[in-house]
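Shown here: entry_1.pdb, PDB, C-alpha atoms (C1' of nucleotides) and all ligand atoms.
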ATOM      1  CA  MET A   1      24.621  28.470   1.830
ATOM      2  CA  PHE A   2      21.925  29.917   4.060
ATOM      3  CA  ARG A   3      20.521  33.355   3.610
ATOM      4  CA  GLU A   4      18.988  35.279   6.455
ATOM      5  CA  SER A   5      15.293  35.968   6.490
ATOM      6  CA  LYS A   6      13.202  37.882   8.953
ATOM      7  CA  GLN A   7      10.823  34.921   9.075
ATOM      8  CA  ARG A   8      13.481  32.487  10.257
ATOM      9  CA  GLU A   9      14.910  34.981  12.722
ATOM     10  CA  ALA A  10      11.505  35.606  14.238
ATOM     11  CA  ILE A  11      10.729  31.887  14.542
ATOM     12  CA  LEU A  12      14.027  31.178  16.279
ATOM     13  CA  ARG A  13      13.602  34.173  18.585
ATOM     14  CA  PHE A  14      10.119  33.050  19.608
ATOM     15  CA  VAL A  15      10.902  29.367  20.164
ATOM     16  CA  LYS A  16      14.036  30.265  22.129
ATOM     17  CA  GLY A  17      12.087  32.700  24.250
ATOM     18  CA  THR A  18       9.201  30.512  25.378
ATOM     19  CA  SER A  19       8.973  27.485  27.631
ATOM     20  CA  SER A  20       5.558  26.528  26.306
ATOM     21  CA  HIS A  21       6.822  23.814  23.921
ATOM     22  CA  PRO A  22       4.645  25.204  21.119
ATOM     23  CA  THR A  23       3.222  23.263  18.209
ATOM     24  CA  ALA A  24       3.934  24.386  14.641
ATOM     25  CA  ASN A  25       0.490  25.931  14.518
ATOM     26  CA  HIS A  26       1.067  27.839  17.738
ATOM     27  CA  VAL A  27       4.333  29.211  16.346
ATOM     28  CA  HIS A  28       2.498  30.220  13.177
ATOM     29  CA  GLU A  29      -0.212  32.091  15.055
ATOM     30  CA  GLU A  30       2.388  33.923  17.116
ATOM     31  CA  MET A  31       4.410  34.839  14.021
ATOM     32  CA  ARG A  32       1.403  36.327  12.264
ATOM     33  CA  LYS A  33       1.286  39.018  14.915
ATOM     34  CA  GLU A  34       4.508  40.513  13.576
ATOM     35  CA  ILE A  35       4.579  39.071  10.027
ATOM     36  CA  PRO A  36       0.901  38.871   9.083
ATOM     37  CA  ASN A  37       1.293  36.945   5.828
ATOM     38  CA  ILE A  38       3.875  34.401   6.946
ATOM     39  CA  SER A  39       2.864  30.976   5.682
ATOM     40  CA  LEU A  40       2.465  27.785   7.664
ATOM     41  CA  GLY A  41       4.818  26.055   5.244
ATOM     42  CA  THR A  42       7.551  28.539   6.114
ATOM     43  CA  VAL A  43       7.058  27.813   9.790
ATOM     44  CA  TYR A  44       7.344  24.065   9.267
ATOM     45  CA  ARG A  45      10.324  24.381   6.957
ATOM     46  CA  ASN A  46      12.239  26.609   9.349
ATOM     47  CA  LEU A  47      11.425  24.599  12.462
ATOM     48  CA  LYS A  48      12.840  21.546  10.746
ATOM     49  CA  LEU A  49      15.873  23.476   9.522
ATOM     50  CA  LEU A  50      16.596  24.990  12.943
ATOM     51  CA  LYS A  51      16.342  21.523  14.435
ATOM     52  CA  ARG A  52      18.812  20.136  11.898
ATOM     53  CA  GLU A  53      21.186  22.967  12.795
ATOM     54  CA  GLY A  54      20.907  21.991  16.473
ATOM     55  CA  LYS A  55      19.448  25.319  17.556
ATOM     56  CA  ILE A  56      16.138  23.892  18.767
ATOM     57  CA  SER A  57      14.738  20.435  19.430
ATOM     58  CA  GLU A  58      11.525  18.568  18.800
ATOM     59  CA  LEU A  59       9.488  16.495  21.228
ATOM     60  CA  ASP A  60       8.554  13.879  18.718
ATOM     61  CA  ILE A  61       9.614  10.619  20.326
ATOM     62  CA  ALA A  62       7.303   8.456  18.229
ATOM     63  CA  ASP A  63       7.020   8.876  14.494
ATOM     64  CA  SER A  64       3.680   9.366  12.801
ATOM     65  CA  LYS A  65       2.528   5.741  12.996
ATOM     66  CA  SER A  66       1.457   4.452  16.376
ATOM     67  CA  ARG A  67       2.618   1.038  17.502
ATOM     68  CA  PHE A  68       0.723  -1.463  19.623
ATOM     69  CA  ASP A  69       1.932  -3.792  22.330
ATOM     70  CA  GLY A  70       0.475  -7.045  23.627
ATOM     71  CA  ASN A  71       1.918  -6.266  27.034
ATOM     72  CA  PRO A  72      -0.450  -3.838  28.770
ATOM     73  CA  HIS A  73       1.916  -3.074  31.661
ATOM     74  CA  ASN A  74       4.323  -0.179  31.695
ATOM     75  CA  HIS A  75       7.773  -1.194  30.493
ATOM     76  CA  TYR A  76      10.679   0.360  28.663
ATOM     77  CA  HIS A  77      11.572   0.239  24.983
ATOM     78  CA  PHE A  78      14.513   0.651  22.689
ATOM     79  CA  ARG A  79      13.934   2.098  19.236
ATOM     80  CA  CYS A  80      16.530   1.641  16.512
ATOM     81  CA  GLU A  81      17.129   4.931  14.717
ATOM     82  CA  ARG A  82      18.159   3.138  11.544
ATOM     83  CA  CYS A  83      15.648   0.342  10.926
ATOM     84  CA  GLY A  84      12.859   1.722  13.132
ATOM     85  CA  ARG A  85      12.252  -1.529  14.997
ATOM     86  CA  VAL A  86      11.142  -1.349  18.617
ATOM     87  CA  PHE A  87      12.411  -3.807  21.224
ATOM     88  CA  ASP A  88      11.418  -4.450  24.811
ATOM     89  CA  VAL A  89      14.031  -3.557  27.409
ATOM     90  CA  ASP A  90      14.178  -5.840  30.403
ATOM     91  CA  GLU A  91      14.830  -3.207  33.048
ATOM     92  CA  PRO A  92      12.684  -2.798  36.176
ATOM     93  CA  VAL A  93      10.413   0.242  36.165
ATOM     94  CA  ASN A  94      11.715   2.881  38.533
ATOM     95  CA  LYS A  95       8.747   3.896  40.670
ATOM     96  CA  GLU A  96      10.859   6.001  43.017
ATOM     97  CA  ILE A  97      11.604   8.586  40.369
ATOM     98  CA  ASP A  98       7.887   9.367  39.969
ATOM     99  CA  LYS A  99       7.691  10.162  43.680
ATOM    100  CA  ARG A 100      10.804  12.317  43.558
ATOM    101  CA  ILE A 101       9.486  14.346  40.609
ATOM    102  CA  ALA A 102       6.105  14.694  42.298
ATOM    103  CA  ARG A 103       7.781  16.043  45.443
ATOM    104  CA  LYS A 104       9.941  18.462  43.488
ATOM    105  CA  THR A 105       7.281  19.819  41.153
ATOM    106  CA  GLY A 106       3.982  19.489  42.956
ATOM    107  CA  PHE A 107       2.610  17.610  39.970
ATOM    108  CA  LYS A 108       0.707  14.364  40.442
ATOM    109  CA  VAL A 109       2.841  11.840  38.584
ATOM    110  CA  SER A 110       0.979   8.710  37.490
ATOM    111  CA  HIS A 111       3.767   7.105  35.466
ATOM    112  CA  HIS A 112       6.586   7.808  33.060
ATOM    113  CA  ILE A 113       7.554   6.714  29.600
ATOM    114  CA  LEU A 114      11.170   5.841  28.914
ATOM    115  CA  GLU A 115      12.501   5.038  25.485
ATOM    116  CA  PHE A 116      16.123   4.379  24.600
ATOM    117  CA  ARG A 117      17.445   5.298  21.175
ATOM    118  CA  GLY A 118      20.385   4.123  19.145
ATOM    119  CA  LEU A 119      21.385   1.248  16.875
ATOM    120  CA  CYS A 120      20.232  -2.337  17.239
ATOM    121  CA  ARG A 121      22.725  -5.174  16.817
ATOM    122  CA  ASP A 122      21.778  -5.845  13.191
ATOM    123  CA  CYS A 123      22.192  -2.204  12.226
ATOM    124  CA  GLN A 124      25.560  -1.885  13.953
ATOM    125  CA  SER A 125      27.061  -4.732  11.981
ATOM    126  CA  SER A 126      25.533  -3.774   8.628
ATOM    127  CA  ASN A 127      27.985  -1.381   6.977
ATOM    128  CA  GLU A 128      27.110   1.787   4.921
TER     129      GLU A 128
ATOM    130  CA  MET B   1     -22.487  -4.998  26.167
ATOM    131  CA  PHE B   2     -19.753  -6.468  23.983
ATOM    132  CA  ARG B   3     -20.356  -9.201  21.506
ATOM    133  CA  GLU B   4     -17.618 -11.514  20.382
ATOM    134  CA  SER B   5     -16.355 -11.334  16.847
ATOM    135  CA  LYS B   6     -13.771 -13.410  15.124
ATOM    136  CA  GLN B   7     -12.120 -10.210  13.934
ATOM    137  CA  ARG B   8     -11.549  -8.916  17.474
ATOM    138  CA  GLU B   9     -10.397 -12.306  18.709
ATOM    139  CA  ALA B  10      -7.878 -12.623  15.894
ATOM    140  CA  ILE B  11      -6.518  -9.111  16.473
ATOM    141  CA  LEU B  12      -6.041  -9.737  20.184
ATOM    142  CA  ARG B  13      -4.435 -13.120  19.571
ATOM    143  CA  PHE B  14      -1.968 -11.648  17.084
ATOM    144  CA  VAL B  15      -0.966  -8.600  19.132
ATOM    145  CA  LYS B  16      -0.578 -10.733  22.260
ATOM    146  CA  GLY B  17       1.550 -13.218  20.377
ATOM    147  CA  THR B  18       4.118 -10.931  18.802
ATOM    148  CA  SER B  19       6.895  -8.809  20.226
ATOM    149  CA  SER B  20       7.184  -6.749  17.061
ATOM    150  CA  HIS B  21       5.182  -3.767  18.341
ATOM    151  CA  PRO B  22       3.181  -3.680  15.110
ATOM    152  CA  THR B  23       1.521  -0.667  13.562
ATOM    153  CA  ALA B  24      -2.215  -0.724  12.775
ATOM    154  CA  ASN B  25      -1.367  -1.355   9.151
ATOM    155  CA  HIS B  26       0.912  -4.242  10.027
ATOM    156  CA  VAL B  27      -1.869  -5.806  12.112
ATOM    157  CA  HIS B  28      -4.265  -5.333   9.200
ATOM    158  CA  GLU B  29      -1.933  -7.075   6.727
ATOM    159  CA  GLU B  30      -1.475  -9.971   9.121
ATOM    160  CA  MET B  31      -5.233 -10.283   9.702
ATOM    161  CA  ARG B  32      -5.980 -10.439   5.979
ATOM    162  CA  LYS B  33      -4.130 -13.737   5.827
ATOM    163  CA  GLU B  34      -6.891 -15.395   7.836
ATOM    164  CA  ILE B  35      -9.780 -12.960   7.300
ATOM    165  CA  PRO B  36      -9.190 -11.668   3.777
ATOM    166  CA  ASN B  37     -11.857  -8.968   3.756
ATOM    167  CA  ILE B  38     -11.285  -7.542   7.232
ATOM    168  CA  SER B  39     -11.314  -3.756   7.007
ATOM    169  CA  LEU B  40      -8.675  -1.349   8.270
ATOM    170  CA  GLY B  41     -11.367   0.492  10.208
ATOM    171  CA  THR B  42     -12.166  -2.674  12.134
ATOM    172  CA  VAL B  43      -8.505  -3.049  13.037
ATOM    173  CA  TYR B  44      -8.270   0.520  14.311
ATOM    174  CA  ARG B  45     -11.556   0.295  16.206
ATOM    175  CA  ASN B  46     -10.599  -2.930  17.946
ATOM    176  CA  LEU B  47      -7.052  -1.883  18.771
ATOM    177  CA  LYS B  48      -8.471   1.171  20.504
ATOM    178  CA  LEU B  49     -11.139  -0.881  22.250
ATOM    179  CA  LEU B  50      -8.655  -3.514  23.462
ATOM    180  CA  LYS B  51      -6.452  -0.738  24.765
ATOM    181  CA  ARG B  52      -9.368   0.802  26.663
ATOM    182  CA  GLU B  53     -10.075  -2.616  28.178
ATOM    183  CA  GLY B  54      -6.458  -2.818  29.344
ATOM    184  CA  LYS B  55      -5.650  -5.898  27.302
ATOM    185  CA  ILE B  56      -3.014  -4.257  25.140
ATOM    186  CA  SER B  57      -1.132  -0.963  25.179
ATOM    187  CA  GLU B  58      -0.066   1.662  22.711
ATOM    188  CA  LEU B  59       3.354   3.257  22.301
ATOM    189  CA  ASP B  60       2.037   6.688  21.623
ATOM    190  CA  ILE B  61       3.961   8.970  23.927
ATOM    191  CA  ALA B  62       3.346  12.120  21.900
ATOM    192  CA  ASP B  63      -0.036  12.949  20.453
ATOM    193  CA  SER B  64      -0.462  13.766  16.788
ATOM    194  CA  LYS B  65       0.921  17.302  16.944
ATOM    195  CA  SER B  66       4.647  17.653  17.391
ATOM    196  CA  ARG B  67       5.978  20.205  19.851
ATOM    197  CA  PHE B  68       9.143  22.268  19.574
ATOM    198  CA  ASP B  69      11.626  23.287  22.227
ATOM    199  CA  GLY B  70      14.049  26.200  22.331
ATOM    200  CA  ASN B  71      16.407  24.068  24.411
ATOM    201  CA  PRO B  72      18.321  21.810  22.038
ATOM    202  CA  HIS B  73      19.873  19.676  24.786
ATOM    203  CA  ASN B  74      18.369  16.462  26.042
ATOM    204  CA  HIS B  75      16.202  17.021  29.107
ATOM    205  CA  TYR B  76      13.117  15.527  30.677
ATOM    206  CA  HIS B  77       9.479  16.610  30.401
ATOM    207  CA  PHE B  78       6.206  16.324  32.220
ATOM    208  CA  ARG B  79       3.011  16.181  30.190
ATOM    209  CA  CYS B  80      -0.325  16.900  31.853
ATOM    210  CA  GLU B  81      -2.861  14.307  30.802
ATOM    211  CA  ARG B  82      -5.726  16.726  31.344
ATOM    212  CA  CYS B  83      -4.703  20.062  29.778
ATOM    213  CA  GLY B  84      -1.975  18.715  27.521
ATOM    214  CA  ARG B  85       0.637  21.262  28.562
ATOM    215  CA  VAL B  86       4.276  20.195  28.592
ATOM    216  CA  PHE B  87       6.682  21.361  31.296
ATOM    217  CA  ASP B  88      10.428  21.029  31.696
ATOM    218  CA  VAL B  89      11.561  18.803  34.551
ATOM    219  CA  ASP B  90      14.716  19.936  36.299
ATOM    220  CA  GLU B  91      16.277  16.523  36.848
ATOM    221  CA  PRO B  92      19.804  15.618  35.747
ATOM    222  CA  VAL B  93      19.988  13.319  32.736
ATOM    223  CA  ASN B  94      21.044   9.828  33.786
ATOM    224  CA  LYS B  95      23.867   8.886  31.434
ATOM    225  CA  GLU B  96      24.720   5.735  33.380
ATOM    226  CA  ILE B  97      21.487   4.014  32.427
ATOM    227  CA  ASP B  98      22.365   4.239  28.730
ATOM    228  CA  LYS B  99      25.607   2.372  29.414
ATOM    229  CA  ARG B 100      23.827  -0.268  31.481
ATOM    230  CA  ILE B 101      21.242  -0.927  28.769
ATOM    231  CA  ALA B 102      23.977  -1.037  26.135
ATOM    232  CA  ARG B 103      25.873  -3.628  28.171
ATOM    233  CA  LYS B 104      22.771  -5.727  28.751
ATOM    234  CA  THR B 105      21.374  -5.652  25.228
ATOM    235  CA  GLY B 106      24.334  -5.193  22.908
ATOM    236  CA  PHE B 107      22.558  -2.220  21.363
ATOM    237  CA  LYS B 108      24.418   1.040  20.823
ATOM    238  CA  VAL B 109      22.490   3.503  22.991
ATOM    239  CA  SER B 110      22.903   7.130  21.978
ATOM    240  CA  HIS B 111      20.376   8.655  24.377
ATOM    241  CA  HIS B 112      17.006   8.161  25.960
ATOM    242  CA  ILE B 113      13.761  10.049  26.139
ATOM    243  CA  LEU B 114      11.955  10.288  29.456
ATOM    244  CA  GLU B 115       8.536  11.825  29.865
ATOM    245  CA  PHE B 116       6.511  11.930  33.068
ATOM    246  CA  ARG B 117       2.750  11.856  32.918
ATOM    247  CA  GLY B 118       0.033  12.934  35.324
ATOM    248  CA  LEU B 119      -1.738  16.095  36.452
ATOM    249  CA  CYS B 120      -0.182  19.538  36.649
ATOM    250  CA  ARG B 121      -0.887  21.744  39.674
ATOM    251  CA  ASP B 122      -3.642  23.710  37.940
ATOM    252  CA  CYS B 123      -5.476  20.581  36.870
ATOM    253  CA  GLN B 124      -5.270  18.998  40.316
ATOM    254  CA  SER B 125      -7.011  21.936  41.945
ATOM    255  CA  SER B 126      -9.634  22.459  39.253
ATOM    256  CA  ASN B 127     -12.593  20.274  40.199
ATOM    257  CA  GLU B 128     -14.876  18.268  37.818
TER     258      GLU B 128
ATOM    259  C1'  DA C   1      22.464  47.854 -11.109
ATOM    260  C1'  DA C   2      21.995  43.252 -12.922
ATOM    261  C1'  DA C   3      22.438  38.341 -12.171
ATOM    262  C1'  DT C   4      21.913  34.492  -9.210
ATOM    263  C1'  DT C   5      19.348  31.604  -6.496
ATOM    264  C1'  DA C   6      17.718  30.717  -1.554
ATOM    265  C1'  DA C   7      13.505  31.600   0.745
ATOM    266  C1'  DT C   8       8.810  32.628   0.695
ATOM    267  C1'  DA C   9       3.510  32.523   0.089
ATOM    268  C1'  DG C  10      -0.067  30.058  -1.309
ATOM    269  C1'  DT C  11      -1.932  25.980  -2.637
ATOM    270  C1'  DA C  12      -2.110  20.976  -3.620
ATOM    271  C1'  DA C  13      -0.952  16.404  -2.198
ATOM    272  C1'  DT C  14      -0.063  12.878   1.202
ATOM    273  C1'  DG C  15      -0.895   9.636   4.785
ATOM    274  C1'  DA C  16      -2.504   8.112   9.234
ATOM    275  C1'  DT C  17      -6.504   8.107  11.667
ATOM    276  C1'  DT C  18     -11.449   8.782  12.520
ATOM    277  C1'  DA C  19     -16.309   9.211  11.129
ATOM    278  C1'  DC C  20     -20.219   7.568   8.649
ATOM    279  C1'  DT C  21     -23.674   4.245   6.906
ATOM    280  C1'  DA C  22     -25.750   0.353   4.966
ATOM    281  C1'  DT C  23     -25.212  -4.494   5.829
ATOM    282  C1'  DT C  24     -24.020  -8.594   8.583
ATOM    283  C1'  DA C  25     -24.137 -11.511  12.401
ATOM    284  C1'  DA C  26     -24.049 -12.411  17.644
ATOM    285  C1'  DT C  27     -27.236 -12.557  21.223
ATOM    286  C1'  DT C  28     -31.768 -12.553  23.322
ATOM    287  C1'  DA C  29     -36.762 -13.377  23.555
ATOM    288  C1'  DC C  30     -40.292 -16.151  22.400
TER     289       DC C  30
ATOM    290  C1'  DG D   1     -35.622 -23.222  16.304
ATOM    291  C1'  DT D   2     -37.119 -18.701  14.556
ATOM    292  C1'  DA D   3     -37.739 -13.851  14.762
ATOM    293  C1'  DA D   4     -36.326  -9.496  16.836
ATOM    294  C1'  DT D   5     -32.710  -6.649  18.452
ATOM    295  C1'  DT D   6     -28.704  -4.210  17.886
ATOM    296  C1'  DA D   7     -23.436  -4.514  18.238
ATOM    297  C1'  DA D   8     -19.894  -5.107  14.894
ATOM    298  C1'  DT D   9     -18.337  -5.009  10.328
ATOM    299  C1'  DA D  10     -16.883  -3.550   5.446
ATOM    300  C1'  DG D  11     -16.272  -0.034   2.609
ATOM    301  C1'  DT D  12     -15.945   4.569   1.823
ATOM    302  C1'  DA D  13     -15.659   9.521   2.932
ATOM    303  C1'  DA D  14     -13.848  13.055   5.875
ATOM    304  C1'  DT D  15     -10.332  15.055   8.838
ATOM    305  C1'  DC D  16      -6.087  16.996  10.092
ATOM    306  C1'  DA D  17      -1.092  17.431  10.604
ATOM    307  C1'  DT D  18       2.546  17.545   7.702
ATOM    308  C1'  DT D  19       5.072  17.701   3.277
ATOM    309  C1'  DA D  20       5.551  18.786  -1.627
ATOM    310  C1'  DC D  21       5.172  21.919  -5.370
ATOM    311  C1'  DT D  22       5.647  26.283  -7.974
ATOM    312  C1'  DA D  23       5.582  30.929  -9.266
ATOM    313  C1'  DT D  24       7.253  35.016  -7.010
ATOM    314  C1'  DT D  25      10.200  37.676  -3.854
ATOM    315  C1'  DA D  26      14.316  39.228  -1.920
ATOM    316  C1'  DA D  27      19.193  38.392   0.059
ATOM    317  C1'  DT D  28      23.662  38.102  -1.653
ATOM    318  C1'  DT D  29      27.231  38.266  -5.121
ATOM    319  C1'  DT D  30      29.276  40.080  -9.271
TER     320       DT D  30
HETATM  321 MN    MN A 201       6.809  -3.598  24.555
HETATM  322 MN    MN A 202      11.725  21.334  27.227
HETATM  323 ZN    ZN A 203      18.091  -1.481  13.537
HETATM  324 ZN    ZN A 204      -2.926  20.384  33.378
END
Written as structure tokens, that's how I'd like the structure from this file.
Amino acid sequence: MFRESKQREAILRFVKGTSSHPTANHVHEEMRKEIPNISLGTVYRNLKLLKREGKISELDIADSKSRFDGNPHNHYHFRCERCGRVFDVDEPVNKEIDKRIARKTGFKVSHHILEFRGLCRDCQSSNE
Amino acid sequence: MFRESKQREAILRFVKGTSSHPTANHVHEEMRKEIPNISLGTVYRNLKLLKREGKISELDIADSKSRFDGNPHNHYHFRCERCGRVFDVDEPVNKEIDKRIARKTGFKVSHHILEFRGLCRDCQSSNE
DNA sequence: AAATTAATAGTAATGATTACTATTAATTAC
DNA sequence: GTAATTAATAGTAATCATTACTATTAATTT
């Protein structure tokens, strides 16, 4: 099914070897150092393919369209992976965890964003 | 400083009154029902302005560029709001919370995404 | 070595968002 | 109330990340 290519090997090697969480463009720039004419399309295609294969992951969280919320206060959400709807989750915000992370890392933590993923009730019952 | 406009009032009223977490386009479609020639630019401008004023919020989480990760397993991140860098957070993934949310909501929760926000060490020390 | 076809390079298209600009309308000054 | 001021708008153009397309290249099989 899949054929090997030096482009894909190099992309996987680089992404596996860095903790910089690079963007597609960053990966492309890095790749050009060893494969000068590698195309940006190849980088995108292989990042997506390697993700599908479970070899790497993507920090997407939201999809391309931003969503707005009449509630200006921090709260948690659930996003259905099938229908895309976003629901509020009535769970108290854990302020302690920000302090713990701040202590452990030395970072100044102002807040955190927590989003649950899965299937909403409608999408569980609908078959296919 | 700010003048009132029926467009901005209508946008705020709608976003405050729904729990659908609408996209900018969804807001625009809804607005056209009462202000038929309202422009999409006006919707975007006012959503951003209302967010700045703290009256609504945005479920952005990531910025426009997606980032990739050589670690394919679920783990937590810290994103610096000043320099934009993303760091791994060495905190065990809380699997219990998924079960609790599933019990409370009836949703099928497959996983959750947790991202801390604030200032990294470098950006705390750099003045200005 | 030839045939097959997955993968690539390069470019065009897409789609959400932002920028621009002439016009409209809310507010202020008289 | 009317004119002056200028923030806000409508409509359109530009931007930018990502995806789609297509002729060519190259990995694999026969
Ligand atoms: Mn919400
Ligand atoms: Mn990571
Ligand atoms: Zn659903
Ligand atoms: Zn920083």
Neighbour list for range 4-13 of chain A as a list in words, cut-off 9 Å, all atoms listed in the file, skip fewer than 6 positions in-chain: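 Once the adjacent positions are removed, what remains is Val27, His28, Glu30, Met31, Glu34, Ile35, Ile38, Thr42, Val43, Asn46, Leu47, Leu50, Lys55 and Ile56 of chain A; Gly70 of chain B; DA7 and DT8 of chain C; DA27 of chain D.
Using all atoms listed in the file, the protein and nucleic acid residues lying at most 10 Å from the point (1.4, 10.4, 3.3) are A:Ser64, C:DA13, C:DT14, C:DG15, C:DA16, D:DT18, D:DT19.
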Using only C-alpha atoms (C1' of nucleotides) and all ligand atoms, determine which residues fall within 10 Å of ligand ZN 203 (chain A), then list them as an NGL selection string. (:A and (79-87 or 118-126)) or (:B and (107-108))
Output check: residues returned by the PyMOL selection byres (((not hetatm)) within 7 of (chain A and resi 201)), as a VMD selection string: (chain A and resid 69 71 75 to 77 87 to 88) or (chain B and resid 19 21)
Please evaluate the PyMOL selection byres ((chain B) within 10 of (chain C)) against the displayed coordinates and give the resulting residues as an mmCIF file with C-alpha atoms, keeping the file's coordinate frame.
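Just written: expr-v1.cif:
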data_model
loop_
_atom_site.group_PDB
_atom_site.id
_atom_site.type_symbol
_atom_site.label_atom_id
_atom_site.label_comp_id
_atom_site.auth_asym_id
_atom_site.auth_seq_id
_atom_site.Cartn_x
_atom_site.Cartn_y
_atom_site.Cartn_z
ATOM 1 C CA PHE B 2 -19.753 -6.468 23.983
ATOM 2 C CA ARG B 3 -20.356 -9.201 21.506
ATOM 3 C CA GLU B 4 -17.618 -11.514 20.382
ATOM 4 C CA SER B 5 -16.355 -11.334 16.847
ATOM 5 C CA ALA B 24 -2.215 -0.724 12.775
ATOM 6 C CA ASN B 25 -1.367 -1.355 9.151
ATOM 7 C CA GLY B 41 -11.367 0.492 10.208
ATOM 8 C CA TYR B 44 -8.270 0.520 14.311
ATOM 9 C CA ARG B 45 -11.556 0.295 16.206
ATOM 10 C CA SER B 64 -0.462 13.766 16.788
#
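When the distance limit is 12 Å and only C-alpha atoms (C1' of nucleotides) are what count, the residues near Val93 in chain B, minus those fewer than 4 positions from it on the same chain, are His73, Asn74, His75, Tyr76, His77, Val89, Ile97, Asp98, His111, His112, Ile113, Leu114 and Glu115 of chain B.
Note that CA of Leu40 in chain B and CA of Thr23 in chain A are 29.1 Å apart.
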Which residues of chain D come within 9 Å of chain B, and for each one, what is the closest pair of atoms and their distance in Å to one decimal, counting all atoms listed in the file, sorted by chain and residue number, as a tab-separated table?
residue	atom	partner	partner_atom	distance
D:DA7	C1'	B:Arg3	CA	6.5
D:DA8	C1'	B:Ser5	CA	7.4
D:DT9	C1'	B:Thr42	CA	6.8
D:DA10	C1'	B:Ser39	CA	5.8
D:DG11	C1'	B:Ser39	CA	7.6
D:DA17	C1'	B:Lys65	CA	6.7
Six-sided padding of 8 Å per side, axis-aligned box over range 38-47 of chain B, centre and edges in Å, one decimal, as JSON:
{"center_x": -9.6, "center_y": -3.5, "center_z": 12.9, "size_x": 21.1, "size_y": 24.1, "size_z": 27.8}
With distances taken over all atoms listed in the file, which residue among B:Glu29, B:Pro92, B:Arg117, B:Arg103 lies nearest chain A?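 So, comparing all the options, the nearest one is B:Arg117.
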Rounded to one decimal, what separation in Å do you get between atom ZN of ligand ZN 204 (chain A) and C1' of DC16 in chain D? 23.7 Å
Ranking B:Lys16, B:Arg52, B:Lys99, B:Lys33 by minimum distance to chain A and counting only C-alpha atoms, which one comes first? B:Lys16
What separates CA of Asp60 in chain A and CA of Val109 in chain B is a distance of 17.9 Å
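Considering only C-alpha atoms, the residue among A:Arg67, A:Lys95, A:Lys104, A:Lys51 positioned nearest to chain B is A:Arg67.
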Go through B:Phe68, B:Pro36, B:Glu96, B:Asp63 and flag the residue nearest chain A, using only C-alpha atoms for the distances.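 With only C-alpha atoms as the atom set, the closest residue is B:Phe68.
With all atoms listed in the file as the atoms that count, the residue of B:Arg100, B:Phe78, B:Glu91, B:Gly106 with the shortest distance to ligand ZN 204 (chain A) is B:Phe78.
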